[in-house]
Structure formats: structure tokens, C-alpha cells
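Visitor: Below is the file entry_2.cif, with mmCIF, N, CA and C atoms and all ligand atoms.
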```cif
data_structure
#
loop_
_atom_site.label_atom_id
_atom_site.label_comp_id
_atom_site.auth_asym_id
_atom_site.auth_seq_id
_atom_site.Cartn_x
_atom_site.Cartn_y
_atom_site.Cartn_z
N MET X 379 -11.55 -15.89 -40.40
CA MET X 379 -11.14 -17.28 -40.31
C MET X 379 -12.03 -18.02 -39.30
N THR X 380 -12.45 -19.17 -39.70
CA THR X 380 -13.29 -19.97 -38.82
C THR X 380 -12.45 -20.51 -37.67
N LYS X 381 -13.00 -20.41 -36.48
CA LYS X 381 -12.33 -20.93 -35.30
C LYS X 381 -13.25 -21.92 -34.61
N ILE X 382 -12.66 -22.78 -33.82
CA ILE X 382 -13.47 -23.64 -32.99
C ILE X 382 -13.08 -23.41 -31.54
N LEU X 383 -13.96 -23.75 -30.66
CA LEU X 383 -13.73 -23.68 -29.23
C LEU X 383 -13.38 -22.29 -28.73
N GLU X 384 -14.31 -21.40 -28.88
CA GLU X 384 -14.23 -20.10 -28.24
C GLU X 384 -15.34 -20.06 -27.20
N PHE X 385 -15.10 -19.26 -26.16
CA PHE X 385 -16.08 -19.15 -25.08
C PHE X 385 -16.46 -17.69 -24.91
N TYR X 386 -17.74 -17.46 -24.76
CA TYR X 386 -18.26 -16.11 -24.60
C TYR X 386 -19.09 -16.04 -23.32
N THR X 387 -19.13 -14.87 -22.71
CA THR X 387 -19.93 -14.68 -21.50
C THR X 387 -20.82 -13.46 -21.65
N CYS X 388 -21.91 -13.47 -20.91
CA CYS X 388 -22.83 -12.33 -20.86
C CYS X 388 -22.49 -11.52 -19.61
N GLY X 389 -22.29 -10.22 -19.80
CA GLY X 389 -21.97 -9.35 -18.68
C GLY X 389 -23.13 -9.11 -17.74
N SER X 390 -24.34 -9.43 -18.16
CA SER X 390 -25.50 -9.21 -17.30
C SER X 390 -25.88 -10.44 -16.49
N CYS X 391 -26.15 -11.54 -17.19
CA CYS X 391 -26.70 -12.71 -16.48
C CYS X 391 -25.65 -13.76 -16.15
N GLY X 392 -24.45 -13.66 -16.74
CA GLY X 392 -23.41 -14.63 -16.43
C GLY X 392 -23.45 -15.89 -17.29
N ASN X 393 -24.31 -15.95 -18.29
CA ASN X 393 -24.29 -17.10 -19.20
C ASN X 393 -22.90 -17.25 -19.80
N VAL X 394 -22.46 -18.50 -19.96
CA VAL X 394 -21.22 -18.80 -20.67
C VAL X 394 -21.58 -19.79 -21.76
N VAL X 395 -21.16 -19.48 -22.99
CA VAL X 395 -21.46 -20.38 -24.10
C VAL X 395 -20.16 -20.79 -24.79
N MET X 396 -20.18 -22.02 -25.32
CA MET X 396 -19.04 -22.55 -26.05
C MET X 396 -19.37 -22.54 -27.53
N ILE X 397 -18.48 -22.00 -28.32
CA ILE X 397 -18.66 -21.96 -29.76
C ILE X 397 -17.88 -23.13 -30.37
N THR X 398 -18.58 -23.93 -31.14
CA THR X 398 -17.90 -25.05 -31.79
C THR X 398 -17.59 -24.75 -33.25
N HIS X 399 -18.13 -23.64 -33.74
CA HIS X 399 -17.85 -23.21 -35.12
C HIS X 399 -18.28 -21.75 -35.21
N THR X 400 -17.34 -20.89 -35.58
CA THR X 400 -17.69 -19.47 -35.64
C THR X 400 -18.40 -19.14 -36.95
N GLY X 401 -19.36 -18.23 -36.85
CA GLY X 401 -20.07 -17.73 -38.01
C GLY X 401 -19.88 -16.23 -38.11
N GLU X 402 -20.65 -15.60 -38.98
CA GLU X 402 -20.53 -14.16 -39.19
C GLU X 402 -21.30 -13.34 -38.15
N GLY X 403 -22.31 -13.93 -37.56
CA GLY X 403 -23.19 -13.17 -36.66
C GLY X 403 -22.55 -12.83 -35.33
N GLU X 404 -23.13 -11.81 -34.70
CA GLU X 404 -22.66 -11.40 -33.38
C GLU X 404 -23.51 -12.10 -32.32
N LEU X 405 -22.85 -12.65 -31.32
CA LEU X 405 -23.59 -13.30 -30.25
C LEU X 405 -24.13 -12.25 -29.30
N THR X 406 -25.39 -12.39 -28.92
CA THR X 406 -25.98 -11.45 -27.96
C THR X 406 -26.69 -12.22 -26.88
N CYS X 407 -26.79 -11.60 -25.73
CA CYS X 407 -27.53 -12.15 -24.59
C CYS X 407 -27.99 -10.96 -23.77
N CYS X 408 -29.17 -11.03 -23.20
CA CYS X 408 -29.71 -9.92 -22.40
C CYS X 408 -29.65 -8.61 -23.20
N ASP X 409 -29.92 -8.67 -24.50
CA ASP X 409 -29.96 -7.50 -25.39
C ASP X 409 -28.63 -6.77 -25.51
N GLN X 410 -27.52 -7.48 -25.34
CA GLN X 410 -26.20 -6.86 -25.53
C GLN X 410 -25.21 -7.88 -26.09
N PRO X 411 -24.13 -7.40 -26.74
CA PRO X 411 -23.14 -8.33 -27.29
C PRO X 411 -22.48 -9.14 -26.18
N MET X 412 -22.23 -10.41 -26.46
CA MET X 412 -21.50 -11.23 -25.49
C MET X 412 -20.02 -10.96 -25.65
N LYS X 413 -19.28 -11.18 -24.57
CA LYS X 413 -17.85 -10.86 -24.54
C LYS X 413 -17.02 -12.14 -24.67
N LEU X 414 -16.01 -12.09 -25.57
CA LEU X 414 -15.11 -13.23 -25.72
C LEU X 414 -14.30 -13.41 -24.44
N LEU X 415 -14.27 -14.62 -23.92
CA LEU X 415 -13.44 -14.90 -22.74
C LEU X 415 -12.01 -15.12 -23.19
N GLU X 416 -11.10 -14.31 -22.67
CA GLU X 416 -9.68 -14.46 -22.98
C GLU X 416 -9.11 -15.62 -22.18
N GLU X 417 -8.22 -16.37 -22.82
CA GLU X 417 -7.55 -17.47 -22.12
C GLU X 417 -6.37 -16.89 -21.35
N LYS X 418 -6.43 -16.98 -20.02
CA LYS X 418 -5.36 -16.42 -19.18
C LYS X 418 -4.36 -17.51 -18.81
N THR X 419 -3.10 -17.12 -18.74
CA THR X 419 -2.07 -18.09 -18.35
C THR X 419 -1.25 -17.63 -17.14
N ALA X 420 -1.02 -16.35 -17.03
CA ALA X 420 -0.24 -15.85 -15.88
C ALA X 420 -1.11 -15.92 -14.64
N ASP X 421 -0.49 -16.20 -13.53
CA ASP X 421 -1.27 -16.34 -12.30
C ASP X 421 -0.57 -15.60 -11.18
N ALA X 422 -0.90 -14.35 -11.04
CA ALA X 422 -0.23 -13.51 -10.05
C ALA X 422 -0.87 -13.59 -8.68
N GLY X 423 -2.10 -14.02 -8.60
CA GLY X 423 -2.82 -14.02 -7.33
C GLY X 423 -2.46 -15.19 -6.44
N LYS X 424 -3.02 -15.19 -5.27
CA LYS X 424 -2.80 -16.25 -4.31
C LYS X 424 -3.43 -17.56 -4.79
N GLU X 425 -4.61 -17.42 -5.41
CA GLU X 425 -5.32 -18.60 -5.88
C GLU X 425 -4.74 -19.04 -7.21
N LYS X 426 -4.65 -20.28 -7.39
CA LYS X 426 -4.02 -20.81 -8.60
C LYS X 426 -5.07 -21.34 -9.57
N HIS X 427 -4.88 -21.01 -10.83
CA HIS X 427 -5.83 -21.42 -11.86
C HIS X 427 -5.21 -22.16 -13.03
N VAL X 428 -3.91 -22.05 -13.21
CA VAL X 428 -3.29 -22.65 -14.39
C VAL X 428 -3.30 -24.18 -14.25
N PRO X 429 -3.85 -24.88 -15.27
CA PRO X 429 -3.93 -26.34 -15.19
C PRO X 429 -2.55 -26.99 -15.13
N VAL X 430 -2.45 -28.02 -14.32
CA VAL X 430 -1.22 -28.81 -14.20
C VAL X 430 -1.56 -30.23 -14.65
N ILE X 431 -0.76 -30.75 -15.59
CA ILE X 431 -1.06 -32.06 -16.18
C ILE X 431 -0.04 -33.09 -15.73
N GLU X 432 -0.53 -34.24 -15.30
CA GLU X 432 0.37 -35.33 -14.92
C GLU X 432 -0.14 -36.64 -15.50
N LYS X 433 0.81 -37.53 -15.77
CA LYS X 433 0.48 -38.83 -16.36
C LYS X 433 -0.06 -39.76 -15.28
N THR X 434 -1.03 -40.59 -15.67
CA THR X 434 -1.55 -41.63 -14.77
C THR X 434 -1.40 -42.96 -15.49
N ALA X 435 -1.80 -44.04 -14.84
CA ALA X 435 -1.69 -45.37 -15.45
C ALA X 435 -2.56 -45.48 -16.69
N SER X 436 -3.71 -44.79 -16.70
CA SER X 436 -4.64 -44.95 -17.82
C SER X 436 -4.78 -43.71 -18.70
N GLY X 437 -4.05 -42.64 -18.40
CA GLY X 437 -4.18 -41.43 -19.21
C GLY X 437 -3.51 -40.26 -18.54
N ILE X 438 -4.25 -39.17 -18.37
CA ILE X 438 -3.70 -37.99 -17.70
C ILE X 438 -4.68 -37.47 -16.65
N ARG X 439 -4.12 -36.78 -15.67
CA ARG X 439 -4.91 -36.09 -14.66
C ARG X 439 -4.60 -34.60 -14.80
N VAL X 440 -5.64 -33.78 -14.80
CA VAL X 440 -5.47 -32.33 -14.84
C VAL X 440 -5.91 -31.79 -13.48
N LYS X 441 -4.98 -31.11 -12.81
CA LYS X 441 -5.28 -30.48 -11.53
C LYS X 441 -5.32 -28.98 -11.75
N VAL X 442 -6.20 -28.30 -11.05
CA VAL X 442 -6.27 -26.85 -11.21
C VAL X 442 -5.46 -26.19 -10.12
N GLY X 443 -4.29 -25.78 -10.55
CA GLY X 443 -3.34 -25.10 -9.69
C GLY X 443 -2.37 -26.05 -9.05
N GLU X 444 -1.15 -25.56 -8.86
CA GLU X 444 -0.19 -26.32 -8.07
C GLU X 444 -0.68 -26.38 -6.64
N VAL X 445 -1.33 -25.30 -6.20
CA VAL X 445 -2.06 -25.28 -4.94
C VAL X 445 -3.52 -25.44 -5.34
N PRO X 446 -4.24 -26.43 -4.78
CA PRO X 446 -5.62 -26.66 -5.22
C PRO X 446 -6.51 -25.42 -5.09
N HIS X 447 -7.28 -25.17 -6.14
CA HIS X 447 -8.21 -24.04 -6.18
C HIS X 447 -9.36 -24.29 -5.21
N PRO X 448 -9.93 -23.23 -4.59
CA PRO X 448 -11.11 -23.42 -3.73
C PRO X 448 -12.26 -24.04 -4.52
N MET X 449 -13.11 -24.79 -3.82
CA MET X 449 -14.28 -25.41 -4.46
C MET X 449 -15.52 -25.15 -3.60
N MET X 450 -15.72 -23.86 -3.27
CA MET X 450 -16.90 -23.45 -2.52
C MET X 450 -18.00 -23.06 -3.49
N LYS X 451 -19.24 -23.06 -3.01
CA LYS X 451 -20.37 -22.76 -3.88
C LYS X 451 -20.22 -21.40 -4.57
N GLU X 452 -19.68 -20.41 -3.88
CA GLU X 452 -19.55 -19.07 -4.43
C GLU X 452 -18.35 -18.92 -5.36
N HIS X 453 -17.42 -19.85 -5.27
CA HIS X 453 -16.17 -19.72 -6.02
C HIS X 453 -15.58 -21.11 -6.24
N TYR X 454 -15.71 -21.60 -7.47
CA TYR X 454 -15.19 -22.94 -7.75
C TYR X 454 -14.89 -23.12 -9.22
N ILE X 455 -14.19 -24.21 -9.52
CA ILE X 455 -13.89 -24.57 -10.90
C ILE X 455 -15.11 -25.32 -11.44
N GLN X 456 -15.75 -24.75 -12.45
CA GLN X 456 -16.98 -25.35 -12.97
C GLN X 456 -16.69 -26.50 -13.93
N TRP X 457 -15.60 -26.39 -14.67
CA TRP X 457 -15.26 -27.51 -15.56
C TRP X 457 -13.77 -27.47 -15.92
N ILE X 458 -13.30 -28.66 -16.30
CA ILE X 458 -11.92 -28.84 -16.77
C ILE X 458 -12.02 -29.51 -18.13
N SER X 459 -11.23 -29.04 -19.08
CA SER X 459 -11.28 -29.64 -20.41
C SER X 459 -9.87 -29.92 -20.92
N VAL X 460 -9.82 -30.80 -21.90
CA VAL X 460 -8.57 -31.13 -22.57
C VAL X 460 -8.84 -31.18 -24.07
N LYS X 461 -7.96 -30.53 -24.83
CA LYS X 461 -8.06 -30.59 -26.28
C LYS X 461 -6.84 -31.34 -26.79
N LYS X 462 -7.08 -32.39 -27.55
CA LYS X 462 -5.99 -33.18 -28.12
C LYS X 462 -6.36 -33.53 -29.55
N ASP X 463 -5.57 -33.00 -30.48
CA ASP X 463 -5.84 -33.18 -31.90
C ASP X 463 -7.28 -32.75 -32.21
N ARG X 464 -8.10 -33.66 -32.72
CA ARG X 464 -9.47 -33.28 -33.06
C ARG X 464 -10.47 -33.65 -31.98
N ASN X 465 -9.97 -34.03 -30.80
CA ASN X 465 -10.87 -34.42 -29.71
C ASN X 465 -10.91 -33.34 -28.64
N PHE X 466 -12.07 -33.18 -28.04
CA PHE X 466 -12.25 -32.23 -26.95
C PHE X 466 -13.02 -32.92 -25.84
N TYR X 467 -12.39 -32.98 -24.67
CA TYR X 467 -13.01 -33.64 -23.51
C TYR X 467 -13.34 -32.55 -22.49
N ILE X 468 -14.49 -32.71 -21.83
CA ILE X 468 -14.85 -31.74 -20.79
C ILE X 468 -15.45 -32.49 -19.61
N HIS X 469 -15.04 -32.09 -18.42
CA HIS X 469 -15.52 -32.73 -17.19
C HIS X 469 -16.10 -31.65 -16.29
N ALA X 470 -17.38 -31.76 -15.96
CA ALA X 470 -18.04 -30.79 -15.09
C ALA X 470 -17.77 -31.12 -13.63
N LEU X 471 -17.59 -30.08 -12.82
CA LEU X 471 -17.32 -30.27 -11.40
C LEU X 471 -18.41 -29.60 -10.57
N ARG X 472 -18.52 -30.04 -9.32
CA ARG X 472 -19.46 -29.43 -8.38
C ARG X 472 -18.69 -28.91 -7.17
N PRO X 473 -19.25 -27.91 -6.48
CA PRO X 473 -18.61 -27.44 -5.25
C PRO X 473 -18.39 -28.62 -4.30
N GLY X 474 -17.26 -28.61 -3.62
CA GLY X 474 -16.95 -29.67 -2.66
C GLY X 474 -16.09 -30.77 -3.25
N GLU X 475 -16.08 -30.89 -4.59
CA GLU X 475 -15.24 -31.91 -5.22
C GLU X 475 -13.81 -31.39 -5.36
N ALA X 476 -12.88 -32.30 -5.63
CA ALA X 476 -11.50 -31.89 -5.85
C ALA X 476 -11.41 -31.19 -7.21
N PRO X 477 -10.58 -30.14 -7.33
CA PRO X 477 -10.45 -29.43 -8.61
C PRO X 477 -9.52 -30.16 -9.57
N GLU X 478 -9.94 -31.35 -9.97
CA GLU X 478 -9.13 -32.15 -10.86
C GLU X 478 -10.02 -33.13 -11.63
N ALA X 479 -9.49 -33.65 -12.74
CA ALA X 479 -10.23 -34.61 -13.55
C ALA X 479 -9.25 -35.47 -14.32
N GLU X 480 -9.68 -36.70 -14.64
CA GLU X 480 -8.85 -37.61 -15.42
C GLU X 480 -9.45 -37.78 -16.81
N PHE X 481 -8.54 -37.93 -17.79
CA PHE X 481 -8.97 -38.07 -19.17
C PHE X 481 -8.21 -39.22 -19.83
N PRO X 482 -8.86 -39.93 -20.76
CA PRO X 482 -8.21 -41.07 -21.43
C PRO X 482 -7.32 -40.62 -22.58
N VAL X 483 -6.34 -39.81 -22.26
CA VAL X 483 -5.44 -39.26 -23.27
C VAL X 483 -4.03 -39.73 -22.94
N GLN X 484 -3.34 -40.29 -23.93
CA GLN X 484 -2.02 -40.88 -23.68
C GLN X 484 -0.89 -39.90 -24.00
N ASP X 485 -1.04 -38.65 -23.63
CA ASP X 485 -0.04 -37.64 -23.95
C ASP X 485 -0.20 -36.48 -22.97
N THR X 486 0.89 -36.08 -22.33
CA THR X 486 0.79 -34.96 -21.40
C THR X 486 0.97 -33.61 -22.11
N ASN X 487 1.36 -33.65 -23.38
CA ASN X 487 1.55 -32.41 -24.14
C ASN X 487 0.23 -32.00 -24.80
N VAL X 488 -0.74 -31.62 -23.98
CA VAL X 488 -2.05 -31.24 -24.48
C VAL X 488 -2.41 -29.86 -23.95
N LYS X 489 -3.40 -29.26 -24.60
CA LYS X 489 -3.91 -27.99 -24.12
C LYS X 489 -5.10 -28.26 -23.20
N SER X 490 -5.07 -27.64 -22.03
CA SER X 490 -6.19 -27.75 -21.11
C SER X 490 -6.79 -26.37 -20.89
N LEU X 491 -8.09 -26.31 -20.84
CA LEU X 491 -8.81 -25.09 -20.49
C LEU X 491 -9.65 -25.38 -19.26
N ILE X 492 -9.68 -24.43 -18.34
CA ILE X 492 -10.52 -24.61 -17.16
C ILE X 492 -11.31 -23.33 -16.95
N TYR X 493 -12.46 -23.45 -16.27
CA TYR X 493 -13.29 -22.26 -16.05
C TYR X 493 -13.61 -22.10 -14.57
N CYS X 494 -13.18 -20.96 -14.02
CA CYS X 494 -13.50 -20.57 -12.64
C CYS X 494 -14.67 -19.60 -12.71
N ASN X 495 -15.69 -19.81 -11.88
CA ASN X 495 -16.89 -18.96 -11.97
C ASN X 495 -16.61 -17.52 -11.52
N VAL X 496 -15.50 -17.28 -10.87
CA VAL X 496 -15.14 -15.91 -10.47
C VAL X 496 -14.04 -15.33 -11.36
N HIS X 497 -13.03 -16.12 -11.69
CA HIS X 497 -11.84 -15.60 -12.37
C HIS X 497 -11.74 -15.96 -13.84
N GLY X 498 -12.71 -16.66 -14.40
CA GLY X 498 -12.78 -16.88 -15.83
C GLY X 498 -11.99 -18.06 -16.36
N LEU X 499 -11.57 -17.90 -17.63
CA LEU X 499 -11.00 -18.98 -18.42
C LEU X 499 -9.46 -18.98 -18.32
N TRP X 500 -8.89 -20.16 -18.06
CA TRP X 500 -7.45 -20.30 -17.90
C TRP X 500 -6.95 -21.48 -18.72
N THR X 501 -5.69 -21.40 -19.13
CA THR X 501 -5.10 -22.48 -19.90
C THR X 501 -3.64 -22.69 -19.51
N ASN X 502 -3.14 -23.87 -19.84
CA ASN X 502 -1.72 -24.15 -19.63
C ASN X 502 -0.89 -23.73 -20.83
N LYS X 503 -1.54 -23.58 -22.01
CA LYS X 503 -0.81 -23.12 -23.20
C LYS X 503 -1.77 -22.44 -24.15
N LYS X 504 -1.26 -21.43 -24.84
CA LYS X 504 -2.09 -20.68 -25.80
C LYS X 504 -2.15 -21.44 -27.11
FE FE C 601 -10.81 -18.65 -8.95
#
```
Would you kindly transcribe this structure into C-alpha cells?
Guide:
Amino acid sequence: MTKILEFYTCGSCGNVVMITHTGEGELTCCDQPMKLLEEKTADAGKEKHVPVIEKTASGIRVKVGEVPHPMMKEHYIQWISVKKDRNFYIHALRPGEAPEAEFPVQDTNVKSLIYCNVHGLWTNKK
């Protein structure tokens, strides 16, 4: 079955790629198969990764964690995304910025995916 929006990583170099349409071929990087990033939702650790969505005057704000995630160069949220119907929004972040982003979406019942460079891919709903 064709899927959209899957993310794969390379175990050697750390490349992360987004698939917008799956095909039959196997993705490889550094001469080895790339690994599908699983979407995690449970958060047992001290650091929080599960996206929290709140309504704003013009759309929604997605915060990473009820307790803000660290945003240091070695460990930070690289991007926050929102999927709503057939639209996909992604906001890139830099170390030192707040782990949050706003999107022009008029509904808080959306799926958000976020990527931590240390702890991987997280979502608020599967
Ligand atoms: Fe993290």
C-alpha cells in the first residue's frame, strides 16, 4: 500500500529523509538500508517530546513537551510539523529558539510530528 509521510534515517551518517510517496525500492545510505523512524508517543523520560497543541487567535501553536524540550546545539528539536487533511506544514528550528511553532490551521484536532536530533520522531497521535 502506498503511504505518504514516512521518515527514514541512516544509522551511519545520521541523514534523515522524508518520503512523500512510497515506491517498491529499498532506501539506502552509506551502502546500507535506511531505517524507518517509528513515531513515538509515550514519554517516560524526564525530557518531554510529545507535541502539545493549543489554539491561538490566528491558528494553532505546537509546543514540544508540557515541559519545554532543551534547545542546545547537541540536543534540540530540529523541526515541528502539522498534518491536516491533505496539507502538511513543517517549521525548522535552530538551537536557542523556543521549541514551538505556529501554523495557520483552524483546528486543534490535528496530527503533529516533531523530530529531536537525539530521541527521534514523536507524535501526539498515531
Ligand atoms: Fe530529546
Visitor: Which protein, DNA or RNA residues have an atom within 7 Å of ligand FE 601 (chain C), counting all atoms listed in the file, as a ChimeraX atom specification?
Guide: /X:425-427,447-448,453-455,494-498
Visitor: Which polymer residues, protein or nucleic acid, are no farther than 12 Å from (-19.5, -14.3, -27.9), counting only C-alpha atoms, as a count of residues only?
Guide: 29
Visitor: Of the candidates X:Pro477, X:Met450, X:Val445, X:Trp457, which shows the shortest atom-to-atom distance to Ile492 in chain X, using all atoms listed in the file?
Guide: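 Using all atoms listed in the file, the shortest distance to Ile492 in chain X belongs to X:Trp457.
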Visitor: Write out as a PyMOL selection string the set of residues from chain X that DSSP, computed on the backbone, places in strand (DSSP E).
Guide: chain X and resi 384-387+394-397+406-407+410-411+413-414+429-433+438-442+455-462+465-470+478-481+489-494+498-501
Visitor: Write a file of the just-selected residues containing N, CA and C atoms, as a compact mmCIF listing (two decimals), in the frame of the given file.
Guide:
```
# COMPACT_ATOMS: atom_id res chain seq x y z
N GLU X 384 -14.31 -21.40 -28.88
CA GLU X 384 -14.23 -20.10 -28.24
C GLU X 384 -15.34 -20.06 -27.20
N PHE X 385 -15.10 -19.26 -26.16
CA PHE X 385 -16.08 -19.15 -25.08
C PHE X 385 -16.46 -17.69 -24.91
N TYR X 386 -17.74 -17.46 -24.76
CA TYR X 386 -18.26 -16.11 -24.60
C TYR X 386 -19.09 -16.04 -23.32
N THR X 387 -19.13 -14.87 -22.71
CA THR X 387 -19.93 -14.68 -21.50
C THR X 387 -20.82 -13.46 -21.65
N VAL X 394 -22.46 -18.50 -19.96
CA VAL X 394 -21.22 -18.80 -20.67
C VAL X 394 -21.58 -19.79 -21.76
N VAL X 395 -21.16 -19.48 -22.99
CA VAL X 395 -21.46 -20.38 -24.10
C VAL X 395 -20.16 -20.79 -24.79
N MET X 396 -20.18 -22.02 -25.32
CA MET X 396 -19.04 -22.55 -26.05
C MET X 396 -19.37 -22.54 -27.53
N ILE X 397 -18.48 -22.00 -28.32
CA ILE X 397 -18.66 -21.96 -29.76
C ILE X 397 -17.88 -23.13 -30.37
N THR X 406 -25.39 -12.39 -28.92
CA THR X 406 -25.98 -11.45 -27.96
C THR X 406 -26.69 -12.22 -26.88
N CYS X 407 -26.79 -11.60 -25.73
CA CYS X 407 -27.53 -12.15 -24.59
C CYS X 407 -27.99 -10.96 -23.77
N GLN X 410 -27.52 -7.48 -25.34
CA GLN X 410 -26.20 -6.86 -25.53
C GLN X 410 -25.21 -7.88 -26.09
N PRO X 411 -24.13 -7.40 -26.74
CA PRO X 411 -23.14 -8.33 -27.29
C PRO X 411 -22.48 -9.14 -26.18
N LYS X 413 -19.28 -11.18 -24.57
CA LYS X 413 -17.85 -10.86 -24.54
C LYS X 413 -17.02 -12.14 -24.67
N LEU X 414 -16.01 -12.09 -25.57
CA LEU X 414 -15.11 -13.23 -25.72
C LEU X 414 -14.30 -13.41 -24.44
N PRO X 429 -3.85 -24.88 -15.27
CA PRO X 429 -3.93 -26.34 -15.19
C PRO X 429 -2.55 -26.99 -15.13
N VAL X 430 -2.45 -28.02 -14.32
CA VAL X 430 -1.22 -28.81 -14.20
C VAL X 430 -1.56 -30.23 -14.65
N ILE X 431 -0.76 -30.75 -15.59
CA ILE X 431 -1.06 -32.06 -16.18
C ILE X 431 -0.04 -33.09 -15.73
N GLU X 432 -0.53 -34.24 -15.30
CA GLU X 432 0.37 -35.33 -14.92
C GLU X 432 -0.14 -36.64 -15.50
N LYS X 433 0.81 -37.53 -15.77
CA LYS X 433 0.48 -38.83 -16.36
C LYS X 433 -0.06 -39.76 -15.28
N ILE X 438 -4.25 -39.17 -18.37
CA ILE X 438 -3.70 -37.99 -17.70
C ILE X 438 -4.68 -37.47 -16.65
N ARG X 439 -4.12 -36.78 -15.67
CA ARG X 439 -4.91 -36.09 -14.66
C ARG X 439 -4.60 -34.60 -14.80
N VAL X 440 -5.64 -33.78 -14.80
CA VAL X 440 -5.47 -32.33 -14.84
C VAL X 440 -5.91 -31.79 -13.48
N LYS X 441 -4.98 -31.11 -12.81
CA LYS X 441 -5.28 -30.48 -11.53
C LYS X 441 -5.32 -28.98 -11.75
N VAL X 442 -6.20 -28.30 -11.05
CA VAL X 442 -6.27 -26.85 -11.21
C VAL X 442 -5.46 -26.19 -10.12
N ILE X 455 -14.19 -24.21 -9.52
CA ILE X 455 -13.89 -24.57 -10.90
C ILE X 455 -15.11 -25.32 -11.44
N GLN X 456 -15.75 -24.75 -12.45
CA GLN X 456 -16.98 -25.35 -12.97
C GLN X 456 -16.69 -26.50 -13.93
N TRP X 457 -15.60 -26.39 -14.67
CA TRP X 457 -15.26 -27.51 -15.56
C TRP X 457 -13.77 -27.47 -15.92
N ILE X 458 -13.30 -28.66 -16.30
CA ILE X 458 -11.92 -28.84 -16.77
C ILE X 458 -12.02 -29.51 -18.13
N SER X 459 -11.23 -29.04 -19.08
CA SER X 459 -11.28 -29.64 -20.41
C SER X 459 -9.87 -29.92 -20.92
N VAL X 460 -9.82 -30.80 -21.90
CA VAL X 460 -8.57 -31.13 -22.57
C VAL X 460 -8.84 -31.18 -24.07
N LYS X 461 -7.96 -30.53 -24.83
CA LYS X 461 -8.06 -30.59 -26.28
C LYS X 461 -6.84 -31.34 -26.79
N LYS X 462 -7.08 -32.39 -27.55
CA LYS X 462 -5.99 -33.18 -28.12
C LYS X 462 -6.36 -33.53 -29.55
N ASN X 465 -9.97 -34.03 -30.80
CA ASN X 465 -10.87 -34.42 -29.71
C ASN X 465 -10.91 -33.34 -28.64
N PHE X 466 -12.07 -33.18 -28.04
CA PHE X 466 -12.25 -32.23 -26.95
C PHE X 466 -13.02 -32.92 -25.84
N TYR X 467 -12.39 -32.98 -24.67
CA TYR X 467 -13.01 -33.64 -23.51
C TYR X 467 -13.34 -32.55 -22.49
N ILE X 468 -14.49 -32.71 -21.83
CA ILE X 468 -14.85 -31.74 -20.79
C ILE X 468 -15.45 -32.49 -19.61
N HIS X 469 -15.04 -32.09 -18.42
CA HIS X 469 -15.52 -32.73 -17.19
C HIS X 469 -16.10 -31.65 -16.29
N ALA X 470 -17.38 -31.76 -15.96
CA ALA X 470 -18.04 -30.79 -15.09
C ALA X 470 -17.77 -31.12 -13.63
N GLU X 478 -9.94 -31.35 -9.97
CA GLU X 478 -9.13 -32.15 -10.86
C GLU X 478 -10.02 -33.13 -11.63
N ALA X 479 -9.49 -33.65 -12.74
CA ALA X 479 -10.23 -34.61 -13.55
C ALA X 479 -9.25 -35.47 -14.32
N GLU X 480 -9.68 -36.70 -14.64
CA GLU X 480 -8.85 -37.61 -15.42
C GLU X 480 -9.45 -37.78 -16.81
N PHE X 481 -8.54 -37.93 -17.79
CA PHE X 481 -8.97 -38.07 -19.17
C PHE X 481 -8.21 -39.22 -19.83
N LYS X 489 -3.40 -29.26 -24.60
CA LYS X 489 -3.91 -27.99 -24.12
C LYS X 489 -5.10 -28.26 -23.20
N SER X 490 -5.07 -27.64 -22.03
CA SER X 490 -6.19 -27.75 -21.11
C SER X 490 -6.79 -26.37 -20.89
N LEU X 491 -8.09 -26.31 -20.84
CA LEU X 491 -8.81 -25.09 -20.49
C LEU X 491 -9.65 -25.38 -19.26
N ILE X 492 -9.68 -24.43 -18.34
CA ILE X 492 -10.52 -24.61 -17.16
C ILE X 492 -11.31 -23.33 -16.95
N TYR X 493 -12.46 -23.45 -16.27
CA TYR X 493 -13.29 -22.26 -16.05
C TYR X 493 -13.61 -22.10 -14.57
N CYS X 494 -13.18 -20.96 -14.02
CA CYS X 494 -13.50 -20.57 -12.64
C CYS X 494 -14.67 -19.60 -12.71
N GLY X 498 -12.71 -16.66 -14.40
CA GLY X 498 -12.78 -16.88 -15.83
C GLY X 498 -11.99 -18.06 -16.36
N LEU X 499 -11.57 -17.90 -17.63
CA LEU X 499 -11.00 -18.98 -18.42
C LEU X 499 -9.46 -18.98 -18.32
N TRP X 500 -8.89 -20.16 -18.06
CA TRP X 500 -7.45 -20.30 -17.90
C TRP X 500 -6.95 -21.48 -18.72
N THR X 501 -5.69 -21.40 -19.13
CA THR X 501 -5.10 -22.48 -19.90
C THR X 501 -3.64 -22.69 -19.51
```
Visitor: Using Å and a single decimal, report how far atom N of Lys504 in chain X sits from atom C of Val483 in chain X.
Guide: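 Value for the atom C of Val483 in chain X-atom N of Lys504 in chain X distance: 18.6 Å.
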Visitor: Please report the interatomic distance between CA of Ser390 in chain X and CA of Ile458 in chain X in Å with one decimal.
Guide: 23.9 Å
Visitor: Suppose you want the space between CA of Arg439 in chain X and CA of Phe481 in chain X; what is it in Å?
Guide: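 CA of Phe481 in chain X lies at a distance of 6.4 Å from CA of Arg439 in chain X.
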Visitor: Scan for residues within 8 Å of the point (1.1, -28.7, -10.8) in the coordinates of the file, using only C-alpha atoms, and reply as a list in words.
Guide: Pro429, Val430, Ile431, Glu432, Lys441, Val442, Gly443, Glu444 and Val445 of chain X
Visitor: Of the candidates X:Val460, X:Leu471, X:Asp409, X:Lys433, which one gets nearest to Val488 in chain X if we count only C-alpha atoms?
Guide: X:Val460
Visitor: X:Lys451, X:Lys461, X:Glu417, X:Cys391: which is nearest Gly474 in chain X, counting all atoms listed in the file?
Guide: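 Counting all atoms listed in the file, the residue closest to Gly474 in chain X is X:Lys451.
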